[in-house]
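Peer 1: I'm passing along work.pdb; it holds PDB, C-alpha atoms and all ligand atoms.
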```
ATOM      1  CA  MET A 213     -33.964   2.072 -15.434
ATOM      2  CA  ILE A 214     -36.186  -0.890 -16.380
ATOM      3  CA  PRO A 215     -34.521  -4.318 -16.467
ATOM      4  CA  ALA A 216     -34.686  -6.590 -19.494
ATOM      5  CA  ALA A 217     -37.371  -9.291 -19.228
ATOM      6  CA  PHE A 218     -36.445 -12.261 -17.047
ATOM      7  CA  ASP A 219     -38.012 -15.336 -15.456
ATOM      8  CA  TYR A 220     -38.148 -15.515 -11.679
ATOM      9  CA  VAL A 221     -37.936 -18.707  -9.612
ATOM     10  CA  ARG A 222     -37.757 -19.182  -5.853
ATOM     11  CA  ALA A 223     -35.429 -21.883  -4.569
ATOM     12  CA  ARG A 224     -36.953 -24.011  -1.775
ATOM     13  CA  ASP A 225     -33.625 -24.989  -0.257
ATOM     14  CA  VAL A 226     -29.911 -25.146  -1.086
ATOM     15  CA  ASP A 227     -30.264 -28.375  -3.113
ATOM     16  CA  ASP A 228     -33.085 -26.834  -5.128
ATOM     17  CA  ALA A 229     -30.997 -23.688  -5.787
ATOM     18  CA  ILE A 230     -28.087 -25.820  -7.014
ATOM     19  CA  ARG A 231     -30.391 -27.865  -9.218
ATOM     20  CA  LEU A 232     -31.812 -24.645 -10.715
ATOM     21  CA  LEU A 233     -28.320 -23.245 -11.261
ATOM     22  CA  ARG A 234     -27.305 -26.444 -13.061
ATOM     23  CA  GLU A 235     -30.472 -26.386 -15.171
ATOM     24  CA  HIS A 236     -30.141 -22.741 -16.267
ATOM     25  CA  GLY A 237     -26.346 -22.449 -16.409
ATOM     26  CA  ASP A 238     -24.911 -19.107 -17.520
ATOM     27  CA  ASP A 239     -28.403 -17.712 -18.183
ATOM     28  CA  ALA A 240     -29.138 -17.569 -14.449
ATOM     29  CA  SER A 241     -28.210 -15.211 -11.605
ATOM     30  CA  VAL A 242     -28.729 -15.834  -7.913
ATOM     31  CA  LEU A 243     -30.743 -13.161  -6.086
ATOM     32  CA  ALA A 244     -30.089 -12.673  -2.359
ATOM     33  CA  GLY A 245     -30.860  -9.175  -1.017
ATOM     34  CA  GLY A 246     -30.960  -7.669  -4.502
ATOM     35  CA  GLN A 247     -29.101  -4.520  -3.440
ATOM     36  CA  SER A 248     -26.396  -4.926  -6.081
ATOM     37  CA  LEU A 249     -28.000  -7.266  -8.625
ATOM     38  CA  ILE A 250     -31.232  -5.271  -9.094
ATOM     39  CA  PRO A 251     -29.454  -1.924  -9.702
ATOM     40  CA  LEU A 252     -27.157  -3.690 -12.206
ATOM     41  CA  MET A 253     -30.199  -5.174 -13.963
ATOM     42  CA  LYS A 254     -31.955  -1.806 -14.026
ATOM     43  CA  LEU A 255     -28.874  -0.274 -15.646
ATOM     44  CA  ARG A 256     -28.731  -3.306 -17.974
ATOM     45  CA  PHE A 257     -25.170  -4.091 -16.928
ATOM     46  CA  ALA A 258     -26.655  -7.491 -16.040
ATOM     47  CA  ALA A 259     -29.443  -9.173 -17.979
ATOM     48  CA  PRO A 260     -29.936 -12.720 -16.665
ATOM     49  CA  ALA A 261     -32.683 -14.680 -18.402
ATOM     50  CA  VAL A 262     -33.546 -16.367 -15.088
ATOM     51  CA  VAL A 263     -33.298 -14.981 -11.565
ATOM     52  CA  ILE A 264     -33.065 -17.645  -8.847
ATOM     53  CA  ASP A 265     -34.224 -16.136  -5.570
ATOM     54  CA  ILE A 266     -32.479 -17.773  -2.595
ATOM     55  CA  GLY A 267     -33.826 -15.188  -0.140
ATOM     56  CA  GLY A 268     -36.460 -17.517   1.344
ATOM     57  CA  ILE A 269     -34.194 -20.493   2.077
ATOM     58  CA  ASP A 270     -34.522 -21.471   5.732
ATOM     59  CA  GLY A 271     -31.372 -21.878   7.774
ATOM     60  CA  LEU A 272     -29.139 -19.697   5.594
ATOM     61  CA  ALA A 273     -29.520 -16.582   7.754
ATOM     62  CA  GLY A 274     -28.240 -15.838  11.213
ATOM     63  CA  VAL A 275     -25.174 -15.478  13.409
ATOM     64  CA  ARG A 276     -24.106 -18.507  15.460
ATOM     65  CA  HIS A 277     -21.319 -18.387  18.002
ATOM     66  CA  GLY A 278     -19.657 -21.167  19.979
ATOM     67  CA  ALA A 279     -16.202 -22.243  21.179
ATOM     68  CA  GLY A 280     -14.609 -18.972  20.142
ATOM     69  CA  ARG A 281     -15.809 -19.128  16.560
ATOM     70  CA  PHE A 282     -18.559 -17.438  14.525
ATOM     71  CA  ALA A 283     -20.621 -19.052  11.791
ATOM     72  CA  LEU A 284     -22.664 -16.693   9.614
ATOM     73  CA  GLY A 285     -25.314 -17.843   7.191
ATOM     74  CA  ALA A 286     -24.832 -16.298   3.749
ATOM     75  CA  LEU A 287     -28.250 -14.601   3.957
ATOM     76  CA  THR A 288     -27.494 -12.770   7.200
ATOM     77  CA  THR A 289     -28.362  -9.123   6.601
ATOM     78  CA  HIS A 290     -26.077  -6.171   7.190
ATOM     79  CA  ALA A 291     -28.579  -4.911   9.800
ATOM     80  CA  THR A 292     -28.213  -8.150  11.782
ATOM     81  CA  LEU A 293     -24.412  -7.935  11.611
ATOM     82  CA  ALA A 294     -24.524  -4.317  12.781
ATOM     83  CA  THR A 295     -26.547  -5.129  15.882
ATOM     84  CA  ASP A 296     -25.679  -8.696  16.887
ATOM     85  CA  PRO A 297     -24.438  -8.454  20.508
ATOM     86  CA  ALA A 298     -21.898 -11.310  20.272
ATOM     87  CA  LEU A 299     -20.409  -9.898  17.103
ATOM     88  CA  ARG A 300     -20.171  -6.396  18.552
ATOM     89  CA  GLU A 301     -18.256  -7.768  21.500
ATOM     90  CA  ARG A 302     -16.151 -10.540  19.973
ATOM     91  CA  ALA A 303     -15.571  -9.514  16.328
ATOM     92  CA  PRO A 304     -16.450  -5.817  16.297
ATOM     93  CA  ALA A 305     -14.671  -5.035  13.001
ATOM     94  CA  LEU A 306     -17.516  -6.708  11.124
ATOM     95  CA  ALA A 307     -20.198  -4.908  13.155
ATOM     96  CA  ASP A 308     -18.351  -1.608  12.486
ATOM     97  CA  ALA A 309     -18.384  -2.247   8.739
ATOM     98  CA  ALA A 310     -22.045  -3.296   8.699
ATOM     99  CA  ARG A 311     -23.063  -0.172  10.617
ATOM    100  CA  GLU A 312     -21.288   2.073   8.114
ATOM    101  CA  LEU A 313     -22.578   0.327   4.994
ATOM    102  CA  GLY A 314     -25.247   1.922   2.771
ATOM    103  CA  ASP A 315     -28.534   3.174   4.175
ATOM    104  CA  PRO A 316     -31.292   1.495   6.240
ATOM    105  CA  GLN A 317     -32.916  -0.141   3.204
ATOM    106  CA  VAL A 318     -29.605  -1.563   1.986
ATOM    107  CA  ARG A 319     -28.736  -2.788   5.485
ATOM    108  CA  ASN A 320     -32.129  -4.427   5.945
ATOM    109  CA  ARG A 321     -32.164  -6.208   2.573
ATOM    110  CA  GLY A 322     -28.498  -6.724   1.653
ATOM    111  CA  THR A 323     -26.645  -9.820   2.842
ATOM    112  CA  ALA A 324     -23.148 -10.802   3.921
ATOM    113  CA  GLY A 325     -22.999 -13.525   1.271
ATOM    114  CA  GLY A 326     -24.249 -11.223  -1.482
ATOM    115  CA  SER A 327     -21.676  -8.589  -0.661
ATOM    116  CA  CYS A 328     -18.797 -11.069  -0.579
ATOM    117  CA  ALA A 329     -19.953 -12.852  -3.757
ATOM    118  CA  HIS A 330     -20.298  -9.501  -5.547
ATOM    119  CA  ASN A 331     -16.799  -8.382  -4.384
ATOM    120  CA  ASP A 332     -17.052  -4.734  -5.383
ATOM    121  CA  PRO A 333     -13.519  -3.254  -5.074
ATOM    122  CA  ALA A 334     -14.970  -0.517  -2.830
ATOM    123  CA  ALA A 335     -17.093  -2.870  -0.684
ATOM    124  CA  ASP A 336     -16.440  -2.992   3.055
ATOM    125  CA  TYR A 337     -16.622  -6.697   3.920
ATOM    126  CA  PRO A 338     -13.763  -8.061   1.790
ATOM    127  CA  ALA A 339     -11.188  -6.154   3.887
ATOM    128  CA  VAL A 340     -12.859  -7.252   7.119
ATOM    129  CA  MET A 341     -12.993 -10.893   6.020
ATOM    130  CA  LEU A 342      -9.277 -10.802   5.143
ATOM    131  CA  ALA A 343      -8.430  -9.294   8.534
ATOM    132  CA  LEU A 344     -10.590 -11.913  10.292
ATOM    133  CA  ASP A 345      -8.988 -14.669   8.176
ATOM    134  CA  ALA A 346     -12.508 -15.933   7.428
ATOM    135  CA  SER A 347     -13.381 -19.220   5.697
ATOM    136  CA  PHE A 348     -16.053 -19.385   3.002
ATOM    137  CA  ALA A 349     -18.281 -22.436   2.566
ATOM    138  CA  LEU A 350     -19.147 -22.980  -1.107
ATOM    139  CA  THR A 351     -21.760 -25.567  -2.023
ATOM    140  CA  GLY A 352     -22.362 -27.002  -5.478
ATOM    141  CA  SER A 353     -23.377 -30.221  -7.171
ATOM    142  CA  HIS A 354     -19.899 -31.624  -6.249
ATOM    143  CA  GLY A 355     -20.663 -31.082  -2.519
ATOM    144  CA  ARG A 356     -19.161 -28.541  -0.171
ATOM    145  CA  ARG A 357     -15.689 -26.989  -0.144
ATOM    146  CA  THR A 358     -14.093 -24.422   2.136
ATOM    147  CA  VAL A 359     -11.965 -21.571   0.832
ATOM    148  CA  ALA A 360      -9.897 -19.090   2.863
ATOM    149  CA  ALA A 361     -10.718 -15.394   2.388
ATOM    150  CA  ALA A 362      -7.216 -14.887   0.966
ATOM    151  CA  ASP A 363      -8.122 -17.266  -1.890
ATOM    152  CA  PHE A 364     -11.805 -16.331  -2.212
ATOM    153  CA  PHE A 365     -11.455 -12.674  -3.260
ATOM    154  CA  LEU A 366      -9.966 -11.992  -6.708
ATOM    155  CA  PRO A 367      -9.606  -8.494  -8.215
ATOM    156  CA  MET A 368     -12.594  -6.453  -9.474
ATOM    157  CA  PHE A 369     -15.894  -8.275  -8.886
ATOM    158  CA  GLU A 370     -14.359 -11.737  -9.230
ATOM    159  CA  THR A 371     -14.216 -14.542  -6.676
ATOM    160  CA  THR A 372     -13.336 -18.215  -6.710
ATOM    161  CA  LEU A 373     -17.053 -19.131  -6.736
ATOM    162  CA  ALA A 374     -17.403 -21.573  -9.630
ATOM    163  CA  ALA A 375     -20.375 -21.754 -12.002
ATOM    164  CA  GLY A 376     -23.239 -23.491 -10.217
ATOM    165  CA  GLU A 377     -21.873 -22.861  -6.720
ATOM    166  CA  LEU A 378     -23.549 -20.998  -3.868
ATOM    167  CA  LEU A 379     -21.797 -19.263  -1.023
ATOM    168  CA  THR A 380     -23.623 -20.737   1.957
ATOM    169  CA  GLY A 381     -21.673 -19.660   5.058
ATOM    170  CA  ILE A 382     -18.762 -17.667   6.455
ATOM    171  CA  ASP A 383     -16.767 -18.698   9.569
ATOM    172  CA  PHE A 384     -14.084 -16.926  11.588
ATOM    173  CA  ASP A 385     -12.527 -16.897  15.056
ATOM    174  CA  ASP A 386     -13.236 -14.335  17.745
ATOM    175  CA  ALA A 387     -11.262 -11.128  17.233
ATOM    176  CA  PRO A 388     -12.254  -8.881  20.129
ATOM    177  CA  PHE A 389      -9.489  -6.352  19.428
ATOM    178  CA  SER A 390     -10.537  -5.639  15.877
ATOM    179  CA  ALA A 391     -11.966  -2.572  14.160
ATOM    180  CA  TYR A 392     -12.890  -1.107  10.781
ATOM    181  CA  ALA A 393     -12.382   2.534   9.772
ATOM    182  CA  LYS A 394     -13.841   3.964   6.588
ATOM    183  CA  PHE A 395     -13.442   7.035   4.424
ATOM    184  CA  HIS A 396     -16.908   7.246   2.831
ATOM    185  CA  HIS A 397     -17.272   8.440  -0.708
ATOM    186  CA  PRO A 398     -19.445  11.545  -0.272
ATOM    187  CA  ALA A 399     -21.859  10.553  -3.043
ATOM    188  CA  SER A 400     -22.049   6.754  -3.031
ATOM    189  CA  GLY A 401     -21.113   6.047   0.586
ATOM    190  CA  TYR A 402     -18.831   3.196  -0.548
ATOM    191  CA  ALA A 403     -15.245   3.072   0.732
ATOM    192  CA  VAL A 404     -12.778   5.433  -0.907
ATOM    193  CA  VAL A 405     -10.500   3.699   1.573
ATOM    194  CA  GLY A 406     -11.600   1.204   4.213
ATOM    195  CA  ALA A 407      -9.208  -0.397   6.686
ATOM    196  CA  ALA A 408      -9.724  -3.417   8.932
ATOM    197  CA  ALA A 409      -7.366  -4.451  11.720
ATOM    198  CA  ALA A 410      -7.430  -7.499  14.004
ATOM    199  CA  LEU A 411      -4.823  -7.519  16.774
ATOM    200  CA  ARG A 412      -3.538  -9.986  19.360
ATOM    201  CA  LEU A 413      -2.051  -8.369  22.454
ATOM    202  CA  ARG A 414       0.123  -9.521  25.312
ATOM    203  CA  ALA A 415       1.706  -7.566  28.173
ATOM    204  CA  GLY A 416       1.122  -4.144  26.633
ATOM    205  CA  ALA A 417       2.394  -5.025  23.149
ATOM    206  CA  ILE A 418       0.979  -6.187  19.807
ATOM    207  CA  VAL A 419       2.042  -9.797  19.268
ATOM    208  CA  ASP A 420       0.157 -10.386  16.024
ATOM    209  CA  ALA A 421      -1.790  -8.273  13.549
ATOM    210  CA  ARG A 422      -3.827  -8.820  10.435
ATOM    211  CA  VAL A 423      -4.549  -5.632   8.483
ATOM    212  CA  ALA A 424      -6.441  -5.302   5.192
ATOM    213  CA  LEU A 425      -7.600  -2.496   2.919
ATOM    214  CA  THR A 426     -10.481  -2.021   0.513
ATOM    215  CA  GLY A 427     -11.439   0.820  -1.832
ATOM    216  CA  ALA A 428      -7.885   1.882  -2.574
ATOM    217  CA  GLY A 429      -6.962  -0.766  -5.126
ATOM    218  CA  PHE A 430      -8.531  -3.129  -7.636
ATOM    219  CA  GLY A 431      -9.611  -5.459  -4.858
ATOM    220  CA  ALA A 432      -9.132  -5.826  -1.110
ATOM    221  CA  PHE A 433      -5.601  -6.741   0.004
ATOM    222  CA  ARG A 434      -3.622  -7.529   3.150
ATOM    223  CA  ALA A 435      -1.074  -4.917   4.259
ATOM    224  CA  TYR A 436       1.661  -7.411   5.203
ATOM    225  CA  ALA A 437       4.368  -4.769   5.758
ATOM    226  CA  VAL A 438       2.130  -2.987   8.287
ATOM    227  CA  GLU A 439       1.397  -6.286  10.013
ATOM    228  CA  SER A 440       5.078  -7.046  10.540
ATOM    229  CA  ALA A 441       5.856  -3.447  11.578
ATOM    230  CA  LEU A 442       3.081  -3.596  14.185
ATOM    231  CA  ARG A 443       4.387  -6.809  15.763
ATOM    232  CA  GLY A 444       6.233  -5.867  18.936
ATOM    233  CA  CYS A 445       4.905  -2.280  19.087
ATOM    234  CA  ALA A 446       3.912  -1.120  22.556
ATOM    235  CA  THR A 447       0.182  -0.413  22.585
ATOM    236  CA  ASP A 448       0.764   3.057  24.078
ATOM    237  CA  ASP A 449       3.543   4.139  21.698
ATOM    238  CA  ALA A 450       1.572   6.428  19.367
ATOM    239  CA  GLY A 451       4.658   7.363  17.333
ATOM    240  CA  ALA A 452       5.618   3.750  16.644
ATOM    241  CA  LEU A 453       2.035   2.851  15.741
ATOM    242  CA  ARG A 454       1.834   5.748  13.281
ATOM    243  CA  ALA A 455       5.184   4.861  11.721
ATOM    244  CA  ALA A 456       4.047   1.245  11.299
ATOM    245  CA  CYS A 457       0.874   2.278   9.454
ATOM    246  CA  VAL A 458       2.012   5.152   7.287
ATOM    247  CA  ASN A 459       2.908   3.246   4.109
ATOM    248  CA  ALA A 460      -0.028   0.862   4.281
ATOM    249  CA  ALA A 461      -0.539   0.656   0.517
ATOM    250  CA  ALA A 462       3.138   0.465  -0.482
ATOM    251  CA  GLY A 463       3.740  -1.819  -3.439
ATOM    252  CA  GLN A 464       0.053  -1.992  -4.426
ATOM    253  CA  GLU A 465      -1.437  -0.742  -7.663
ATOM    254  CA  LEU A 466      -4.052   1.810  -6.589
ATOM    255  CA  ARG A 467      -7.069   3.251  -8.379
ATOM    256  CA  GLY A 468      -7.494   6.928  -9.156
ATOM    257  CA  ASP A 469     -10.657   8.719 -10.273
ATOM    258  CA  ALA A 470     -12.244  12.179 -10.404
ATOM    259  CA  PHE A 471     -12.762  12.170  -6.636
ATOM    260  CA  ALA A 472      -9.505  10.705  -5.347
ATOM    261  CA  SER A 473      -6.203  10.176  -7.147
ATOM    262  CA  ALA A 474      -4.132   7.055  -6.542
ATOM    263  CA  GLY A 475      -1.660   9.192  -4.558
ATOM    264  CA  TYR A 476      -4.417  10.530  -2.329
ATOM    265  CA  ARG A 477      -5.737   7.024  -1.747
ATOM    266  CA  ALA A 478      -2.197   5.940  -0.780
ATOM    267  CA  ALA A 479      -2.013   8.747   1.800
ATOM    268  CA  MET A 480      -5.484   7.934   3.154
ATOM    269  CA  ALA A 481      -4.622   4.240   3.393
ATOM    270  CA  GLY A 482      -2.043   5.067   6.086
ATOM    271  CA  VAL A 483      -4.433   7.380   7.915
ATOM    272  CA  PHE A 484      -7.317   4.890   7.991
ATOM    273  CA  VAL A 485      -5.178   1.895   8.891
ATOM    274  CA  GLU A 486      -3.890   3.865  11.865
ATOM    275  CA  ARG A 487      -7.475   4.745  12.846
ATOM    276  CA  ALA A 488      -8.511   1.093  12.683
ATOM    277  CA  VAL A 489      -5.510   0.057  14.805
ATOM    278  CA  VAL A 490      -6.155   2.789  17.380
ATOM    279  CA  ARG A 491      -9.858   1.843  17.568
ATOM    280  CA  ALA A 492      -8.983  -1.840  17.995
ATOM    281  CA  LEU A 493      -6.531  -0.958  20.785
ATOM    282  CA  ALA A 494      -9.135   1.217  22.511
ATOM    283  CA  ARG A 495     -11.311  -1.894  22.751
ATOM    284  CA  SER A 496      -8.601  -3.620  24.781
ATOM    285  CA  ARG A 497      -8.893  -0.860  27.371
ATOM    286  CA  LEU A 498     -12.657  -1.188  27.858
ATOM    287  CA  PRO A 499     -13.622  -2.403  31.339
TER
HETATM  288  C1  LIG A 501     -27.519   2.668  -2.307
HETATM  289  C2  LIG A 501     -26.545   1.554  -2.000
HETATM  290  C3  LIG A 501     -25.467   1.822  -1.177
HETATM  291  C4  LIG A 501     -24.552   0.794  -0.885
HETATM  292  N1  LIG A 501     -23.488   1.085  -0.090
HETATM  293  C5  LIG A 501     -22.573   0.120   0.170
HETATM  294  C6  LIG A 501     -21.449   0.406   0.982
HETATM  295  O1  LIG A 501     -21.266   1.507   1.511
HETATM  296  N2  LIG A 501     -20.553  -0.607   1.198
HETATM  297  C7  LIG A 501     -20.720  -1.864   0.653
HETATM  298  O2  LIG A 501     -19.892  -2.741   0.900
HETATM  299  N3  LIG A 501     -21.800  -2.158  -0.100
HETATM  300  C8  LIG A 501     -22.723  -1.200  -0.356
HETATM  301  N4  LIG A 501     -23.813  -1.506  -1.142
HETATM  302  C9  LIG A 501     -23.977  -2.895  -1.680
HETATM  303  C10 LIG A 501     -24.676  -3.778  -0.656
HETATM  304  O3  LIG A 501     -23.754  -4.119   0.350
HETATM  305  C11 LIG A 501     -25.260  -5.069  -1.226
HETATM  306  O4  LIG A 501     -26.126  -5.590  -0.248
HETATM  307  C12 LIG A 501     -24.277  -6.168  -1.544
HETATM  308  O5  LIG A 501     -23.251  -5.719  -2.405
HETATM  309  C13 LIG A 501     -24.942  -7.325  -2.263
HETATM  310  O6  LIG A 501     -25.667  -8.112  -1.346
HETATM  311  P1  LIG A 501     -27.112  -8.608  -1.725
HETATM  312  O7  LIG A 501     -27.528  -9.590  -0.709
HETATM  313  O8  LIG A 501     -27.961  -7.403  -1.892
HETATM  314  O9  LIG A 501     -26.821  -9.401  -3.095
HETATM  315  P2  LIG A 501     -27.547  -9.385  -4.495
HETATM  316  O10 LIG A 501     -27.646  -7.990  -5.019
HETATM  317  O11 LIG A 501     -28.789 -10.179  -4.449
HETATM  318  O12 LIG A 501     -26.446 -10.188  -5.340
HETATM  319  C14 LIG A 501     -25.186  -9.614  -5.655
HETATM  320  C15 LIG A 501     -24.375 -10.605  -6.481
HETATM  321  O13 LIG A 501     -23.946 -11.699  -5.669
HETATM  322  C16 LIG A 501     -24.483 -12.937  -6.143
HETATM  323  N5  LIG A 501     -24.874 -13.679  -4.943
HETATM  324  C17 LIG A 501     -25.654 -13.212  -3.938
HETATM  325  N6  LIG A 501     -25.717 -14.114  -2.944
HETATM  326  C18 LIG A 501     -24.987 -15.180  -3.340
HETATM  327  C19 LIG A 501     -24.675 -16.437  -2.745
HETATM  328  N7  LIG A 501     -25.103 -16.761  -1.504
HETATM  329  N8  LIG A 501     -23.898 -17.303  -3.418
HETATM  330  C20 LIG A 501     -23.421 -16.976  -4.662
HETATM  331  N9  LIG A 501     -23.683 -15.803  -5.274
HETATM  332  C21 LIG A 501     -24.454 -14.910  -4.625
HETATM  333  C22 LIG A 501     -25.627 -12.558  -7.065
HETATM  334  O14 LIG A 501     -25.855 -13.532  -8.065
HETATM  335  C23 LIG A 501     -25.142 -11.244  -7.642
HETATM  336  O15 LIG A 501     -24.237 -11.493  -8.682
HETATM  337  C24 LIG A 501     -24.747  -0.515  -1.441
HETATM  338  C25 LIG A 501     -25.850  -0.773  -2.263
HETATM  339  C26 LIG A 501     -26.746   0.247  -2.552
HETATM  340  C27 LIG A 501     -27.922  -0.047  -3.426
END
```
What do you get writing this file as structure tokens?
Peer 2:
Amino acid sequence: MIPAAFDYVRARDVDDAIRLLREHGDDASVLAGGQSLIPLMKLRFAAPAVVIDIGGIDGLAGVRHGAGRFALGALTTHATLATDPALRERAPALADAARELGDPQVRNRGTAGGSCAHNDPAADYPAVMLALDASFALTGSHGRRTVAAADFFLPMFETTLAAGELLTGIDFDDAPFSAYAKFHHPASGYAVVGAAAALRLRAGAIVDARVALTGAGFGAFRAYAVESALRGCATDDAGALRAACVNAAAGQELRGDAFASAGYRAAMAGVFVERAVVRALARSRLP
């Protein structure tokens, strides 16, 4: 449980981090909250020669909200996301996920950007970001580019982040009728199945839905068949809502392990998607 020897450098700002990444190339890893990288280094699954700490960069942390849109700095901690009042009211799926993630130390140190960049197939945020249709700001020596969540997350710990790029921010629109529901692994606390739903409602019916799952497969994915089945459902028709959600993982290749077979994950996908939808609908009934 002792990492291999490495050099440690603190980046002063984003430009400095990008310069350091260019200088050290594949030998370097970025350190944000350290809640995934440090355990991997201790297990020697990762052995970077240089660790570039971005944790002290000013202006990369915090939740900003204006004109119906959120802008998160990549270094915003899970604890901030769990408690931010605007987020809890206007995009509660993300606050739900942050509240259910890890333990107090992980929530106080770990960051939104680190979690998304790491893209663990059982991580909570990838499903939420897909359901929120978030945009990711990636900054490198070429400048800044924006990538939709649907293009950012690739299977199994991969993303579209290129060598030398930093994830600097995440943006998404208000989604007040959104929720996340999670089946925690009893040992690790990660998602055996996690479901995020973001709904648009009009006159007692669902007019649009984005639904995404994590934990079940080899990466987070949208449940498009559920989304189309939900469109037009009356918000008080429990039978129709259940029927729309039941085959949430149909057509996806699912993971199986000693704790949960692929078939069990498929069954739980329907259950937890329905829970997320019901929780999102309950928010539309709040005074
Ligand atoms: C005990 C424990 C329980 C946990 N439980 C859960 C859980 O239930 N659900 C869950 O989703 N997660 C869980 N996690 C993981 C946690 O969410 C981490 O905080 C997260 O995965 C990584 O964020 P970080 O800021 O700690 O990143 P780090 O560990 O510092 O970095 C992770 C990876 O992302 C890269 N990276 C970090 N920031 C950036 C950036 N801005 N741009 C480009 N690359 C970057 C790093 O180079 C590294 O490869 C748990 C972790 C622990 C230790």
Peer 1: If the PyMOL selection byres (((chain A and resi 269-277) around 8) and not hetatm) is run on the structure shown, which residues does it catch, given as an NGL selection string?
Peer 2: :A and (223-226 or 266-268 or 278-289 or 292-293 or 296 or 298 or 380-381)
Peer 1: Find the spatial neighbours of Phe364 in chain A, counting only C-alpha atoms, within a cut-off of 12 Å - ignore same-chain residues fewer than 5 positions away - and output them as a PyMOL selection string.
Peer 2: chain A and resi 328-331+338-339+341-342+345-350+357-359+369-374+379+382+431-433
Peer 1: Going by the chain IDs and residue numbers used in this file, which residues fall under the PyMOL selection byres (((not hetatm)) within 7 of (chain A and resi 501))? Write them as an mmCIF file with C-alpha atoms, in the coordinates of the input.
Peer 2:
```
data_model
loop_
_atom_site.group_PDB
_atom_site.id
_atom_site.type_symbol
_atom_site.label_atom_id
_atom_site.label_comp_id
_atom_site.auth_asym_id
_atom_site.auth_seq_id
_atom_site.Cartn_x
_atom_site.Cartn_y
_atom_site.Cartn_z
ATOM 1 C CA SER A 241 -28.210 -15.211 -11.605
ATOM 2 C CA VAL A 242 -28.729 -15.834 -7.913
ATOM 3 C CA LEU A 243 -30.743 -13.161 -6.086
ATOM 4 C CA ALA A 244 -30.089 -12.673 -2.359
ATOM 5 C CA GLY A 245 -30.860 -9.175 -1.017
ATOM 6 C CA GLY A 246 -30.960 -7.669 -4.502
ATOM 7 C CA GLN A 247 -29.101 -4.520 -3.440
ATOM 8 C CA SER A 248 -26.396 -4.926 -6.081
ATOM 9 C CA LEU A 249 -28.000 -7.266 -8.625
ATOM 10 C CA ILE A 250 -31.232 -5.271 -9.094
ATOM 11 C CA PRO A 251 -29.454 -1.924 -9.702
ATOM 12 C CA ALA A 286 -24.832 -16.298 3.749
ATOM 13 C CA LEU A 287 -28.250 -14.601 3.957
ATOM 14 C CA GLU A 312 -21.288 2.073 8.114
ATOM 15 C CA LEU A 313 -22.578 0.327 4.994
ATOM 16 C CA GLY A 314 -25.247 1.922 2.771
ATOM 17 C CA ASP A 315 -28.534 3.174 4.175
ATOM 18 C CA VAL A 318 -29.605 -1.563 1.986
ATOM 19 C CA ARG A 319 -28.736 -2.788 5.485
ATOM 20 C CA ARG A 321 -32.164 -6.208 2.573
ATOM 21 C CA GLY A 322 -28.498 -6.724 1.653
ATOM 22 C CA THR A 323 -26.645 -9.820 2.842
ATOM 23 C CA ALA A 324 -23.148 -10.802 3.921
ATOM 24 C CA GLY A 325 -22.999 -13.525 1.271
ATOM 25 C CA GLY A 326 -24.249 -11.223 -1.482
ATOM 26 C CA SER A 327 -21.676 -8.589 -0.661
ATOM 27 C CA ALA A 329 -19.953 -12.852 -3.757
ATOM 28 C CA HIS A 330 -20.298 -9.501 -5.547
ATOM 29 C CA ASP A 332 -17.052 -4.734 -5.383
ATOM 30 C CA ALA A 334 -14.970 -0.517 -2.830
ATOM 31 C CA ALA A 335 -17.093 -2.870 -0.684
ATOM 32 C CA ASP A 336 -16.440 -2.992 3.055
ATOM 33 C CA TYR A 337 -16.622 -6.697 3.920
ATOM 34 C CA GLU A 377 -21.873 -22.861 -6.720
ATOM 35 C CA LEU A 378 -23.549 -20.998 -3.868
ATOM 36 C CA LEU A 379 -21.797 -19.263 -1.023
ATOM 37 C CA THR A 380 -23.623 -20.737 1.957
ATOM 38 C CA SER A 400 -22.049 6.754 -3.031
ATOM 39 C CA GLY A 401 -21.113 6.047 0.586
ATOM 40 C CA TYR A 402 -18.831 3.196 -0.548
ATOM 41 C CA ALA A 403 -15.245 3.072 0.732
#
```
Peer 1: Suppose a student applies the PyMOL selection byres (((chain A and resi 302) around 7) and not hetatm) to this structure; what residues should they get, written as a count of residues only?
Peer 2: 9
Peer 1: Using only C-alpha atoms, can you tell me which of A:Ala294, A:Ala441, A:Val458, A:Ala472 comes closest to Arg487 in chain A?
Peer 2: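 Using only C-alpha atoms, Arg487 in chain A sits closest to A:Val458.
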Peer 1: Quick one: residues within 8 Å of Ala305 in chain A, only C-alpha atoms, excluding same-chain residues fewer than 4 positions away - as a VMD selection string?
Peer 2: chain A and resid 300 309 340 390 to 392 408 to 410
Peer 1: Which protein, DNA or RNA residues are at most 6 Å from (5.2, -0.7, 3.9) in the file's coordinates when you count only C-alpha atoms, listed as a list in words?
Peer 2: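 Those residues, ordered by chain and then number, are Ala437, Val438, Asn459, Ala460 and Ala462 of chain A.
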